[in-house]
Structure formats: structure tokens, C-alpha cells
>>> print(open('protein.txt').read())   # compact mmCIF, C-alpha atoms
# COMPACT_ATOMS: atom_id res chain seq x y z
CA MET A 1 -94.76 -217.93 -132.82
CA ASN A 2 -98.33 -216.70 -132.78
CA ASN A 3 -100.13 -216.78 -129.46
CA PRO A 4 -103.59 -218.35 -129.87
CA PHE A 5 -104.82 -216.23 -126.96
CA LEU A 6 -103.93 -213.05 -128.87
CA THR A 7 -106.30 -213.02 -131.82
CA ALA A 8 -106.84 -210.13 -134.21
CA MET A 9 -108.85 -209.40 -137.32
CA ILE A 10 -107.02 -207.00 -139.62
CA ALA A 11 -109.17 -204.84 -141.90
CA MET A 12 -107.59 -205.12 -145.36
CA SER A 13 -108.56 -202.66 -148.10
CA GLY A 14 -106.06 -203.90 -150.67
CA GLY A 15 -103.85 -200.84 -150.15
CA VAL A 16 -100.37 -200.43 -148.74
CA ASP A 17 -101.38 -199.24 -145.26
CA SER A 18 -103.55 -202.22 -144.39
CA ALA A 19 -101.03 -204.62 -145.92
CA VAL A 20 -98.23 -203.35 -143.67
CA ALA A 21 -100.60 -203.20 -140.68
CA ALA A 22 -101.38 -206.89 -141.25
CA LEU A 23 -97.67 -207.72 -141.36
CA LEU A 24 -96.93 -205.77 -138.18
CA ILE A 25 -99.83 -207.17 -136.16
CA LYS A 26 -98.72 -210.68 -137.12
CA GLN A 27 -95.13 -209.89 -136.14
CA ALA A 28 -96.45 -208.65 -132.78
CA GLY A 29 -97.50 -212.21 -131.98
CA PHE A 30 -101.18 -212.14 -132.82
CA SER A 31 -103.01 -214.98 -134.52
CA VAL A 32 -104.30 -212.95 -137.46
CA THR A 33 -107.25 -213.22 -139.82
CA GLY A 34 -107.63 -210.75 -142.66
CA VAL A 35 -111.00 -209.31 -143.61
CA THR A 36 -112.17 -207.10 -146.43
CA MET A 37 -115.47 -205.29 -146.20
CA LYS A 38 -117.74 -205.50 -149.20
CA LEU A 39 -119.67 -202.27 -149.44
CA PHE A 40 -120.78 -202.37 -153.07
CA CYS A 41 -122.57 -204.77 -155.39
CA ASP A 42 -120.20 -205.12 -158.34
CA GLY A 43 -117.70 -207.78 -159.33
CA GLU A 44 -117.54 -211.46 -160.19
CA ALA A 45 -118.63 -214.36 -157.96
CA ILE A 46 -115.70 -216.29 -156.45
CA PRO A 47 -115.23 -218.66 -153.50
CA THR A 48 -114.21 -217.05 -150.22
CA ALA A 49 -111.81 -218.45 -147.63
CA ASP A 50 -114.66 -219.98 -145.65
CA GLY A 51 -116.05 -221.87 -148.65
CA THR A 52 -118.98 -219.56 -149.43
CA THR A 53 -119.18 -217.36 -152.48
CA ASP A 54 -118.81 -213.65 -152.78
CA ASP A 55 -118.39 -211.00 -155.45
CA MET A 56 -114.76 -210.39 -156.27
CA THR A 57 -113.68 -206.78 -156.50
CA PRO A 58 -110.18 -205.42 -157.12
CA ASP A 59 -109.87 -204.52 -153.42
CA ILE A 60 -110.79 -208.04 -152.32
CA ARG A 61 -108.45 -209.57 -154.88
CA ASP A 62 -105.51 -207.41 -153.77
CA ALA A 63 -106.21 -207.97 -150.06
CA ARG A 64 -106.40 -211.73 -150.55
CA ALA A 65 -103.08 -211.71 -152.39
CA VAL A 66 -101.44 -210.02 -149.38
CA ALA A 67 -103.12 -212.46 -146.98
CA ASP A 68 -101.81 -215.37 -149.03
CA ARG A 69 -98.30 -213.90 -148.96
CA LEU A 70 -98.51 -213.54 -145.17
CA GLY A 71 -99.99 -217.00 -144.72
CA ILE A 72 -103.11 -215.82 -142.95
CA PRO A 73 -106.76 -216.65 -143.63
CA HIS A 74 -108.87 -214.02 -145.37
CA LEU A 75 -112.62 -213.42 -145.04
CA VAL A 76 -115.10 -211.11 -146.72
CA CYS A 77 -117.60 -209.23 -144.57
CA ARG A 78 -120.80 -208.40 -146.45
CA LEU A 79 -121.89 -204.95 -145.33
CA GLU A 80 -123.57 -203.48 -148.40
CA LYS A 81 -127.00 -203.01 -146.78
CA THR A 82 -125.58 -201.79 -143.46
CA PHE A 83 -123.23 -199.35 -145.20
CA CYS A 84 -126.03 -197.86 -147.27
CA GLU A 85 -128.39 -197.54 -144.30
CA ARG A 86 -125.91 -196.11 -141.81
CA VAL A 87 -123.46 -194.14 -143.96
CA VAL A 88 -124.82 -193.33 -147.40
CA ASP A 89 -128.39 -192.61 -146.29
CA GLU A 90 -127.11 -190.31 -143.54
CA PHE A 91 -124.84 -188.57 -146.04
CA VAL A 92 -127.81 -187.93 -148.33
CA ARG A 93 -130.08 -186.75 -145.48
CA THR A 94 -127.49 -184.29 -144.20
CA TYR A 95 -126.78 -182.90 -147.64
CA LEU A 96 -130.46 -182.45 -148.48
CA ASP A 97 -130.86 -180.66 -145.14
CA GLY A 98 -128.28 -178.09 -146.20
CA GLY A 99 -125.38 -179.59 -144.25
CA THR A 100 -121.90 -180.73 -145.25
CA PRO A 101 -121.58 -184.34 -144.04
CA ASN A 102 -118.39 -186.22 -143.27
CA PRO A 103 -119.20 -189.85 -144.19
CA CYS A 104 -115.77 -191.15 -143.12
CA VAL A 105 -116.48 -190.20 -139.49
CA ILE A 106 -119.84 -191.98 -139.64
CA CYS A 107 -118.27 -195.01 -141.30
CA ASN A 108 -115.59 -195.34 -138.62
CA LYS A 109 -118.19 -195.34 -135.85
CA THR A 110 -120.85 -197.54 -137.41
CA ILE A 111 -118.98 -199.74 -139.90
CA LYS A 112 -115.23 -200.15 -139.33
CA PHE A 113 -115.45 -200.06 -135.53
CA GLY A 114 -119.09 -201.06 -135.31
CA ALA A 115 -120.39 -203.73 -137.67
CA LEU A 116 -116.89 -205.00 -138.52
CA LEU A 117 -115.93 -205.30 -134.86
CA ASP A 118 -119.13 -207.29 -134.28
CA PHE A 119 -118.11 -209.53 -137.20
CA ALA A 120 -114.68 -210.07 -135.64
CA LYS A 121 -116.15 -211.04 -132.28
CA ALA A 122 -118.62 -213.38 -133.98
CA ASN A 123 -115.62 -215.12 -135.56
CA GLY A 124 -113.86 -215.52 -132.21
CA LEU A 125 -111.41 -212.64 -132.65
CA ASP A 126 -111.12 -210.19 -129.77
CA THR A 127 -109.14 -207.40 -131.46
CA ILE A 128 -109.54 -205.46 -134.68
CA ALA A 129 -106.52 -203.80 -136.28
CA THR A 130 -106.59 -201.22 -139.07
CA GLY A 131 -104.18 -199.16 -141.15
CA HIS A 132 -105.23 -195.86 -139.57
CA TYR A 133 -102.47 -193.40 -138.76
CA ALA A 134 -103.18 -192.78 -135.07
CA ARG A 135 -101.94 -194.04 -131.71
CA ILE A 136 -103.74 -195.64 -128.77
CA ALA A 137 -102.42 -195.30 -125.23
CA LYS A 138 -103.81 -196.27 -121.83
CA GLU A 139 -103.84 -194.14 -118.71
CA GLY A 140 -105.39 -195.75 -115.66
CA ASP A 141 -108.61 -197.35 -116.85
CA ARG A 142 -109.02 -195.01 -119.87
CA TYR A 143 -107.97 -195.70 -123.43
CA LEU A 144 -106.65 -192.60 -125.18
CA ILE A 145 -106.19 -191.66 -128.82
CA CYS A 146 -103.18 -189.59 -129.85
CA ARG A 147 -102.05 -188.09 -133.12
CA ALA A 148 -99.84 -190.25 -135.33
CA ILE A 149 -96.10 -189.65 -135.52
CA ASP A 150 -96.57 -188.68 -139.18
CA GLU A 151 -98.45 -185.37 -138.84
CA LYS A 152 -99.26 -185.20 -142.55
CA LYS A 153 -100.98 -188.61 -142.48
CA ASP A 154 -102.58 -188.34 -139.03
CA GLN A 155 -106.18 -189.63 -139.08
CA SER A 156 -107.13 -189.10 -135.44
CA TYR A 157 -109.64 -186.44 -136.56
CA MET A 158 -111.78 -189.22 -138.03
CA LEU A 159 -111.79 -191.25 -134.79
CA TRP A 160 -113.30 -188.84 -132.25
CA SER A 161 -116.57 -190.79 -131.93
CA LEU A 162 -115.03 -194.10 -130.75
CA SER A 163 -116.13 -195.29 -127.31
CA GLN A 164 -114.04 -196.81 -124.53
CA ASP A 165 -115.66 -200.19 -125.17
CA VAL A 166 -114.49 -200.05 -128.79
CA LEU A 167 -111.00 -198.74 -128.03
CA ALA A 168 -110.41 -201.70 -125.70
CA HIS A 169 -110.49 -203.93 -128.81
CA VAL A 170 -108.58 -201.78 -131.33
CA LYS A 171 -104.96 -201.67 -132.54
CA PHE A 172 -103.34 -199.12 -134.89
CA PRO A 173 -99.97 -200.65 -135.89
CA LEU A 174 -98.98 -197.70 -138.12
CA GLY A 175 -99.27 -194.96 -135.52
CA GLU A 176 -95.53 -194.88 -134.76
CA LEU A 177 -94.46 -194.93 -138.44
CA THR A 178 -94.21 -192.40 -141.23
CA LYS A 179 -95.78 -193.06 -144.61
CA THR A 180 -92.30 -193.31 -146.12
CA GLU A 181 -91.39 -196.03 -143.63
CA VAL A 182 -94.62 -197.89 -144.39
CA ARG A 183 -93.86 -197.89 -148.11
CA GLU A 184 -90.30 -199.08 -147.43
CA ILE A 185 -91.61 -201.99 -145.36
CA ALA A 186 -94.10 -202.87 -148.08
CA ALA A 187 -91.40 -202.83 -150.76
CA ALA A 188 -89.08 -204.97 -148.63
CA HIS A 189 -91.79 -207.62 -148.33
CA GLY A 190 -92.77 -207.54 -152.00
CA PHE A 191 -96.24 -206.03 -151.60
CA GLU A 192 -97.52 -204.82 -154.97
CA SER A 193 -99.21 -201.86 -153.30
CA ALA A 194 -95.89 -200.40 -152.06
CA ASP A 195 -95.89 -197.58 -154.63
CA ARG A 196 -99.64 -197.26 -155.14
CA LYS A 197 -101.02 -193.74 -154.92
CA ASP A 198 -103.20 -193.02 -151.89
CA SER A 199 -106.90 -192.56 -152.53
CA GLN A 200 -108.19 -189.11 -151.60
CA ASP A 201 -111.83 -189.73 -152.50
CA ILE A 202 -114.93 -190.68 -150.56
CA CYS A 203 -115.25 -194.37 -151.47
CA PHE A 204 -118.75 -194.12 -152.93
CA LEU A 205 -118.02 -190.76 -154.63
CA PRO A 206 -114.88 -191.38 -156.70
CA ASP A 207 -115.70 -188.49 -159.05
CA GLY A 208 -116.68 -186.12 -156.24
CA ASN A 209 -119.99 -185.22 -157.89
CA TYR A 210 -122.36 -185.05 -154.91
CA ALA A 211 -125.36 -183.77 -156.85
CA ASP A 212 -125.19 -186.48 -159.52
CA PHE A 213 -124.75 -189.23 -156.92
CA ILE A 214 -127.74 -188.08 -154.86
CA ARG A 215 -129.89 -187.88 -157.99
CA ARG A 216 -128.98 -191.45 -158.90
CA TYR A 217 -128.96 -192.96 -155.41
CA ALA A 218 -131.97 -191.27 -153.86
CA GLY A 219 -133.96 -190.41 -156.96
CA HIS A 220 -133.80 -186.79 -155.86
CA VAL A 221 -134.60 -184.16 -158.45
CA PRO A 222 -132.91 -180.89 -157.43
CA THR A 223 -135.24 -177.94 -157.25
CA THR A 224 -134.11 -174.56 -158.46
CA GLY A 225 -133.77 -171.72 -156.00
CA LYS A 226 -132.48 -168.25 -155.42
CA PHE A 227 -129.12 -166.79 -154.57
CA VAL A 228 -129.68 -164.26 -151.80
CA ASP A 229 -127.47 -162.05 -149.69
CA LEU A 230 -127.42 -161.91 -145.89
CA GLU A 231 -130.30 -159.41 -145.91
CA GLY A 232 -132.44 -161.68 -148.08
CA ASN A 233 -132.08 -159.66 -151.28
CA VAL A 234 -132.35 -161.85 -154.39
CA LEU A 235 -129.15 -161.92 -156.40
CA GLY A 236 -130.05 -164.50 -159.04
CA ASP A 237 -131.15 -168.07 -159.69
CA HIS A 238 -129.39 -171.39 -159.09
CA PRO A 239 -130.11 -174.95 -160.33
CA GLY A 240 -130.27 -176.55 -156.85
CA MET A 241 -128.57 -176.41 -153.43
CA LEU A 242 -126.78 -179.71 -154.03
CA HIS A 243 -124.32 -177.98 -156.34
CA TYR A 244 -122.87 -175.74 -153.62
CA THR A 245 -120.74 -176.04 -150.48
CA ILE A 246 -119.94 -173.59 -147.70
CA GLY A 247 -117.03 -171.33 -148.65
CA GLN A 248 -117.40 -171.99 -152.39
CA ARG A 249 -116.58 -169.13 -154.72
CA LYS A 250 -115.88 -170.65 -158.14
CA GLY A 251 -118.59 -172.19 -160.27
CA LEU A 252 -121.49 -170.17 -158.86
CA GLY A 253 -122.66 -169.30 -162.36
CA ILE A 254 -123.51 -165.73 -161.41
CA ALA A 255 -121.68 -162.45 -162.03
CA LEU A 256 -121.95 -159.95 -159.19
CA GLY A 257 -119.07 -157.59 -159.90
CA ARG A 258 -117.06 -158.79 -156.89
CA PRO A 259 -116.07 -162.13 -155.35
CA MET A 260 -118.93 -163.72 -153.41
CA TYR A 261 -118.93 -166.93 -151.38
CA VAL A 262 -121.50 -169.47 -150.22
CA CYS A 263 -122.05 -168.94 -146.49
CA ASP A 264 -125.34 -170.78 -145.89
CA LYS A 265 -127.94 -173.04 -147.50
CA ASN A 266 -131.60 -172.94 -146.47
CA ALA A 267 -133.21 -176.33 -147.04
CA ALA A 268 -136.69 -174.96 -146.23
CA THR A 269 -136.62 -172.26 -148.92
CA GLY A 270 -133.98 -173.60 -151.29
CA ASP A 271 -132.02 -170.35 -150.97
CA VAL A 272 -128.24 -170.31 -151.25
CA VAL A 273 -126.86 -167.40 -149.22
CA LEU A 274 -123.86 -165.50 -150.58
CA CYS A 275 -121.57 -163.13 -148.71
CA ASP A 276 -118.24 -161.35 -148.86
CA ASP A 277 -115.15 -163.21 -147.68
CA GLU A 278 -114.94 -161.42 -144.33
CA GLN A 279 -118.52 -162.47 -143.55
CA LEU A 280 -117.51 -166.14 -143.74
CA TYR A 281 -115.68 -165.86 -140.43
CA SER A 282 -117.19 -166.76 -137.06
CA ARG A 283 -115.83 -167.17 -133.54
CA THR A 284 -118.48 -169.56 -132.18
CA LEU A 285 -120.29 -172.77 -133.01
CA THR A 286 -122.37 -175.38 -131.23
CA ALA A 287 -121.58 -179.10 -131.49
CA LYS A 288 -124.07 -181.92 -130.90
CA SER A 289 -123.64 -185.70 -130.56
CA VAL A 290 -120.41 -185.04 -128.66
CA ASN A 291 -118.06 -187.76 -127.47
CA PHE A 292 -115.00 -187.44 -125.23
CA ILE A 293 -112.06 -189.84 -124.98
CA PRO A 294 -110.16 -189.03 -121.72
CA PHE A 295 -113.41 -188.61 -119.73
CA ASP A 296 -117.10 -189.44 -120.09
CA ARG A 297 -118.53 -185.93 -120.24
CA LEU A 298 -117.54 -182.30 -120.07
CA THR A 299 -118.56 -180.68 -116.77
CA ALA A 300 -116.75 -177.32 -116.97
CA PRO A 301 -115.10 -175.14 -119.63
CA ILE A 302 -111.68 -176.29 -120.83
CA ARG A 303 -109.09 -174.99 -123.26
CA VAL A 304 -108.42 -176.98 -126.42
CA GLN A 305 -107.17 -176.71 -129.96
CA ALA A 306 -110.14 -177.28 -132.26
CA LYS A 307 -110.33 -178.37 -135.90
CA ILE A 308 -113.51 -177.63 -137.90
CA ARG A 309 -112.57 -179.96 -140.76
CA TYR A 310 -109.90 -182.53 -141.53
CA ALA A 311 -107.56 -180.17 -143.41
CA HIS A 312 -108.08 -177.28 -140.96
CA THR A 313 -105.21 -176.14 -138.75
CA ALA A 314 -106.28 -176.60 -135.13
CA ALA A 315 -107.03 -173.24 -133.50
CA PRO A 316 -107.11 -172.27 -129.79
CA ALA A 317 -110.61 -172.35 -128.32
CA THR A 318 -112.62 -172.79 -125.14
CA ILE A 319 -115.32 -175.47 -125.04
CA THR A 320 -118.20 -175.21 -122.58
CA PRO A 321 -120.97 -177.75 -121.87
CA THR A 322 -124.55 -176.63 -122.44
CA GLU A 323 -127.67 -177.71 -120.58
CA ASP A 324 -128.90 -179.88 -123.46
CA GLY A 325 -125.71 -181.95 -123.63
CA ALA A 326 -124.16 -180.06 -126.53
CA VAL A 327 -120.90 -178.07 -126.42
CA LEU A 328 -120.34 -174.40 -127.16
CA VAL A 329 -117.04 -173.79 -128.95
CA GLU A 330 -115.57 -170.28 -128.71
CA PHE A 331 -112.43 -169.65 -130.78
CA ASP A 332 -109.85 -167.07 -129.80
CA GLN A 333 -109.84 -165.88 -133.42
CA PRO A 334 -112.64 -166.10 -136.03
CA GLN A 335 -112.56 -169.21 -138.21
CA ARG A 336 -113.47 -169.33 -141.90
CA ALA A 337 -116.36 -171.28 -143.45
CA ILE A 338 -117.69 -173.24 -140.48
CA ALA A 339 -120.07 -175.78 -142.01
CA LYS A 340 -123.07 -177.49 -140.43
CA GLY A 341 -122.69 -181.28 -140.53
CA GLN A 342 -118.89 -181.31 -140.38
CA SER A 343 -117.03 -182.54 -137.32
CA VAL A 344 -115.36 -180.21 -134.86
CA VAL A 345 -112.59 -182.12 -133.11
CA PHE A 346 -110.73 -181.12 -129.93
CA TYR A 347 -107.07 -181.67 -129.04
CA ASP A 348 -104.77 -181.06 -126.11
CA GLY A 349 -101.39 -181.22 -127.82
CA ASP A 350 -101.25 -184.69 -129.39
CA LEU A 351 -104.12 -185.99 -127.25
CA LEU A 352 -107.50 -186.33 -128.95
CA VAL A 353 -109.96 -184.91 -126.41
CA GLY A 354 -113.15 -185.59 -128.37
CA GLY A 355 -115.47 -184.02 -130.90
CA GLY A 356 -118.97 -183.47 -132.14
CA ILE A 357 -121.12 -182.58 -135.15
CA ILE A 358 -121.42 -178.88 -136.00
CA GLU A 359 -125.00 -177.62 -135.77
>>> encode(input="protein.txt", output="C-alpha cells")
Amino acid sequence: MNNPFLTAMIAMSGGVDSAVAALLIKQAGFSVTGVTMKLFCDGEAIPTADGTTDDMTPDIRDARAVADRLGIPHLVCRLEKTFCERVVDEFVRTYLDGGTPNPCVICNKTIKFGALLDFAKANGLDTIATGHYARIAKEGDRYLICRAIDEKKDQSYMLWSLSQDVLAHVKFPLGELTKTEVREIAAAHGFESADRKDSQDICFLPDGNYADFIRRYAGHVPTTGKFVDLEGNVLGDHPGMLHYTIGQRKGLGIALGRPMYVCDKNAATGDVVLCDDEQLYSRTLTAKSVNFIPFDRLTAPIRVQAKIRYAHTAAPATITPTEDGAVLVEFDQPQRAIAKGQSVVFYDGDLLVGGGIIE
């Protein structure tokens, strides 16, 4: 029987992970309400669970079908304007500044565990549950984040910016399960999403074409520029910085007689800097906007394993606080294609220590 004093809002995307998370949080004794965020402006108008109207999208339709099967109410949270202002606009600004943004990290902080948590509290629900693959533990008065049991699906990298105040209201029901087990549970309960392929795309960039999206969304007309080497020698012309990412080799549109890679982008000049592969490696970086999970701030150097992007294998490093509140990261071995705007995330074994934005 559900305990009315244990209330939870489960974020439902329409996929298999959130469907099983909803089932598990209900089985754990919570009085559950499903919610689907509306981040776009397409679809047909339909009545919502609270009697208002909203635009139906496939995600909302699928999530509502699961909610109906579980016998829980389902709401739609309208976040189009907030999502554009806090996530998409920041993505565009970072990219135009020559960086490589990670919009999923920003979305977790400002939308899923920001605006959506506020929505849950406004509806009288004190906990938000999601289908993230990660684990939350408590040690003393600190909430901790640990890697998921399923290493291949672990999403703790995307959660480094969450505060203690947020973690006190968050549940991750899938953290102790493998993806195979999640699909088996979904199939056993007749969820249509049980065999659905996982999405690998940024939600507002399904085709992965950054340059085209920024042209359409921001009205930005890319300016042509120069390919240059590390000494500033001009190597050729390019149609605009937006077409290139750090570490890129293919699709440069220039023949140089040997493999060359993008190692920097200069927003002030429009130059795209090319280098040899060995010149892509660096042992140090500086991270800003840092957040730590087991403690409030870093006061002395510590040893960690650090990841410079989601698919990166964590590498041994020492992190040291700087006078301006940033963190200096020094790797034991040089790391390839460190990109400004990406997140560097710190671990101690399975424990998520924290992270920051690469400068």
C-alpha cells in the first residue's frame, strides 16, 4: 500500500528506463505522480490529467500510456521557454565562443533537477525520481552519488553539478540494475518500450548538425575563416567555425599531405587551428564553475580519476584549488583532445567527487 507521506514525481520520457523507474518507485511504497516535460512546440492539443490542455507529442502519449497501466496520475510540465533560455541558448553561446558544450549537463542542473523539481514541490510532491543510471548514498549528513552497477550505462558523469539540497529530494531506482534487467522487467509488465532502441542524440539535435541548428535557431550566418597551424601560418580557408570540433580529422575539406586535426577554434579571429595528432595531447587543464559532492569545496590537492568527456576512460590526476575558485587538473599522462566547454568530472573509485567546466 502506498504511503501518503512518501510522495514522488517520476520524470517519464516515454522510454523504457523511466517506465521501469516509475514501476519501481511505486513498488517502493511511494504515492507516485508521473510527469513528462514538454520542451518543444509541436504536436496536437489534447486534455491533460489535470483538465487543462497541452500539445500531445509521441513522448507524452507513450508516457501517459505507461502511467495508465500503472494506475498513477500523469501531468505535463511546460518548460519550452525555460529550456530554450537555460539550455539551448547556453549551448549556442558556448559554441559561438569556440567551445564544445555539453547541454545534457546543463539540462540536468537547470531543468530536470531544477525547474522540474520546483514543479514537483509546487504540486505537493517532495521527491523526484528519474531513470538515470546512478546511485545515491548517504554518509553522515552528506548525500553522495556513485556510479551505477551497469558500467556501460552509468550516467553519473552528467550529474556532477547537483547540490546537496537537490540530492536530498532525488531517487534513482535503476542504479542497482543492468540495462538487460530493466528491459526484462519492462517486458514482464507489458511495457511497449521494452525493446525500444536507446536514443543517443541530443534531444534538440536529432540529426547532429550543430551548424544548421544554430543557423535556424539563432539566425546566425557563419562567417568564413582561415585554417592555421600552431604558429599562425595560413593553411587554407574554411566555411565557418561551427562546422568543426576539437579532435576532428575527417571532413576538413583541405588536403595537406598528412593527417591534421582540429586543436583549437578562435572565436575572435574565426581561425580554426590544425595540428598533428601528438600535438592534441595535454597534461593540464583548468575547470571553472566547480561543484563537489562529498564536501563543499576543495581546500588542498587530492588524487582522483578524471574524465574529460562522457565516453572518456577516467585517468589518474591531481586536482588543486586555485585562488579564484577554479581547479587545476594535472593528469599523470597527457590526454587527447581536451575541449573547452566540456565537463571534467572527478571520481574516487565509484564515488563521484565532483566536476567543472573546462576553460
>>> closest_residue(input="protein.txt", among="A:Ala326, A:Ala337, A:Leu96, A:Ala63", to="Met241 in chain A", atoms="all atoms listed in the file")
A:Leu96
>>> closest_residue(input="protein.txt", among="A:Asp62, A:Phe213, A:Trp160, A:Asp271", to="Ile357 in chain A", atoms="all atoms listed in the file")
A:Trp160
>>> closest_residue(input="protein.txt", among="A:Phe83, A:Phe331, A:Tyr210, A:Tyr133", to="Gly114 in chain A", atoms="all atoms listed in the file")
A:Phe83
>>> atom_distance(input="protein.txt", atom1="CA of Thr322 in chain A", atom2="CA of Gly99 in chain A")
22.0 Å
>>> closest_residue(input="protein.txt", among="A:Ala122, A:Val66, A:Val221, A:Leu230", to="Leu242 in chain A", atoms="all atoms listed in the file")
A:Val221
>>> build_atoms(input="protein.txt", residues="range 56-65 of chain A", atoms="all heavy atoms", output="PDB file, keeping the file's coordinate frame")
ATOM      1  N   MET A  56    -116.144-210.838-156.288  1.00  0.00           N
ATOM      2  CA  MET A  56    -114.760-210.390-156.270  1.00  0.00           C
ATOM      3  C   MET A  56    -114.665-208.962-156.784  1.00  0.00           C
ATOM      4  O   MET A  56    -115.250-208.624-157.805  1.00  0.00           O
ATOM      5  CB  MET A  56    -113.901-211.311-157.149  1.00  0.00           C
ATOM      6  CG  MET A  56    -112.459-210.857-157.277  1.00  0.00           C
ATOM      7  SD  MET A  56    -111.586-210.898-155.711  1.00  0.00           S
ATOM      8  CE  MET A  56    -110.877-212.542-155.774  1.00  0.00           C
ATOM      9  N   THR A  57    -113.987-208.131-156.062  1.00  0.00           N
ATOM     10  CA  THR A  57    -113.680-206.780-156.500  1.00  0.00           C
ATOM     11  C   THR A  57    -112.169-206.635-156.502  1.00  0.00           C
ATOM     12  O   THR A  57    -111.459-207.452-155.907  1.00  0.00           O
ATOM     13  CB  THR A  57    -114.292-205.738-155.542  1.00  0.00           C
ATOM     14  OG1 THR A  57    -113.654-205.862-154.264  1.00  0.00           O
ATOM     15  CG2 THR A  57    -115.795-205.930-155.381  1.00  0.00           C
ATOM     16  N   PRO A  58    -111.635-205.606-157.148  1.00  0.00           N
ATOM     17  CA  PRO A  58    -110.180-205.420-157.120  1.00  0.00           C
ATOM     18  C   PRO A  58    -109.622-205.313-155.704  1.00  0.00           C
ATOM     19  O   PRO A  58    -108.546-205.843-155.417  1.00  0.00           O
ATOM     20  CB  PRO A  58    -109.989-204.106-157.895  1.00  0.00           C
ATOM     21  CG  PRO A  58    -111.153-204.069-158.843  1.00  0.00           C
ATOM     22  CD  PRO A  58    -112.304-204.671-158.075  1.00  0.00           C
ATOM     23  N   ASP A  59    -110.340-204.648-154.801  1.00  0.00           N
ATOM     24  CA  ASP A  59    -109.870-204.520-153.420  1.00  0.00           C
ATOM     25  C   ASP A  59    -109.774-205.881-152.738  1.00  0.00           C
ATOM     26  O   ASP A  59    -108.798-206.180-152.049  1.00  0.00           O
ATOM     27  CB  ASP A  59    -110.807-203.620-152.614  1.00  0.00           C
ATOM     28  CG  ASP A  59    -110.688-202.161-153.013  1.00  0.00           C
ATOM     29  OD1 ASP A  59    -109.725-201.823-153.737  1.00  0.00           O
ATOM     30  OD2 ASP A  59    -111.554-201.362-152.613  1.00  0.00           O
ATOM     31  N   ILE A  60    -110.796-206.707-152.928  1.00  0.00           N
ATOM     32  CA  ILE A  60    -110.790-208.040-152.320  1.00  0.00           C
ATOM     33  C   ILE A  60    -109.673-208.887-152.915  1.00  0.00           C
ATOM     34  O   ILE A  60    -108.951-209.589-152.193  1.00  0.00           O
ATOM     35  CB  ILE A  60    -112.160-208.726-152.516  1.00  0.00           C
ATOM     36  CG1 ILE A  60    -113.253-207.972-151.752  1.00  0.00           C
ATOM     37  CG2 ILE A  60    -112.101-210.181-152.062  1.00  0.00           C
ATOM     38  CD1 ILE A  60    -114.662-208.476-152.032  1.00  0.00           C
ATOM     39  N   ARG A  61    -109.502-208.792-154.217  1.00  0.00           N
ATOM     40  CA  ARG A  61    -108.450-209.570-154.880  1.00  0.00           C
ATOM     41  C   ARG A  61    -107.067-209.173-154.346  1.00  0.00           C
ATOM     42  O   ARG A  61    -106.240-210.024-154.018  1.00  0.00           O
ATOM     43  CB  ARG A  61    -108.529-209.356-156.394  1.00  0.00           C
ATOM     44  CG  ARG A  61    -107.522-210.177-157.193  1.00  0.00           C
ATOM     45  CD  ARG A  61    -107.639-209.897-158.681  1.00  0.00           C
ATOM     46  NE  ARG A  61    -108.919-210.331-159.209  1.00  0.00           N
ATOM     47  CZ  ARG A  61    -109.896-209.520-159.622  1.00  0.00           C
ATOM     48  NH1 ARG A  61    -109.737-208.209-159.523  1.00  0.00           N
ATOM     49  NH2 ARG A  61    -111.001-209.994-160.114  1.00  0.00           N
ATOM     50  N   ASP A  62    -106.819-207.876-154.242  1.00  0.00           N
ATOM     51  CA  ASP A  62    -105.510-207.410-153.770  1.00  0.00           C
ATOM     52  C   ASP A  62    -105.293-207.774-152.303  1.00  0.00           C
ATOM     53  O   ASP A  62    -104.190-208.169-151.907  1.00  0.00           O
ATOM     54  CB  ASP A  62    -105.411-205.893-153.941  1.00  0.00           C
ATOM     55  CG  ASP A  62    -105.349-205.464-155.402  1.00  0.00           C
ATOM     56  OD1 ASP A  62    -105.111-206.341-156.261  1.00  0.00           O
ATOM     57  OD2 ASP A  62    -105.547-204.268-155.681  1.00  0.00           O
ATOM     58  N   ALA A  63    -106.336-207.631-151.481  1.00  0.00           N
ATOM     59  CA  ALA A  63    -106.210-207.970-150.060  1.00  0.00           C
ATOM     60  C   ALA A  63    -105.935-209.458-149.886  1.00  0.00           C
ATOM     61  O   ALA A  63    -105.105-209.856-149.058  1.00  0.00           O
ATOM     62  CB  ALA A  63    -107.482-207.567-149.314  1.00  0.00           C
ATOM     63  N   ARG A  64    -106.598-210.287-150.664  1.00  0.00           N
ATOM     64  CA  ARG A  64    -106.400-211.730-150.550  1.00  0.00           C
ATOM     65  C   ARG A  64    -104.991-212.126-150.970  1.00  0.00           C
ATOM     66  O   ARG A  64    -104.383-213.034-150.393  1.00  0.00           O
ATOM     67  CB  ARG A  64    -107.446-212.478-151.376  1.00  0.00           C
ATOM     68  CG  ARG A  64    -107.352-213.989-151.229  1.00  0.00           C
ATOM     69  CD  ARG A  64    -108.674-214.659-151.516  1.00  0.00           C
ATOM     70  NE  ARG A  64    -109.686-214.259-150.545  1.00  0.00           N
ATOM     71  CZ  ARG A  64    -110.992-214.494-150.697  1.00  0.00           C
ATOM     72  NH1 ARG A  64    -111.417-215.133-151.764  1.00  0.00           N
ATOM     73  NH2 ARG A  64    -111.845-214.113-149.784  1.00  0.00           N
ATOM     74  N   ALA A  65    -104.446-211.414-151.956  1.00  0.00           N
ATOM     75  CA  ALA A  65    -103.080-211.710-152.390  1.00  0.00           C
ATOM     76  C   ALA A  65    -102.090-211.428-151.252  1.00  0.00           C
ATOM     77  O   ALA A  65    -101.138-212.189-151.032  1.00  0.00           O
ATOM     78  CB  ALA A  65    -102.733-210.873-153.628  1.00  0.00           C
TER      79      ALA A  65
END
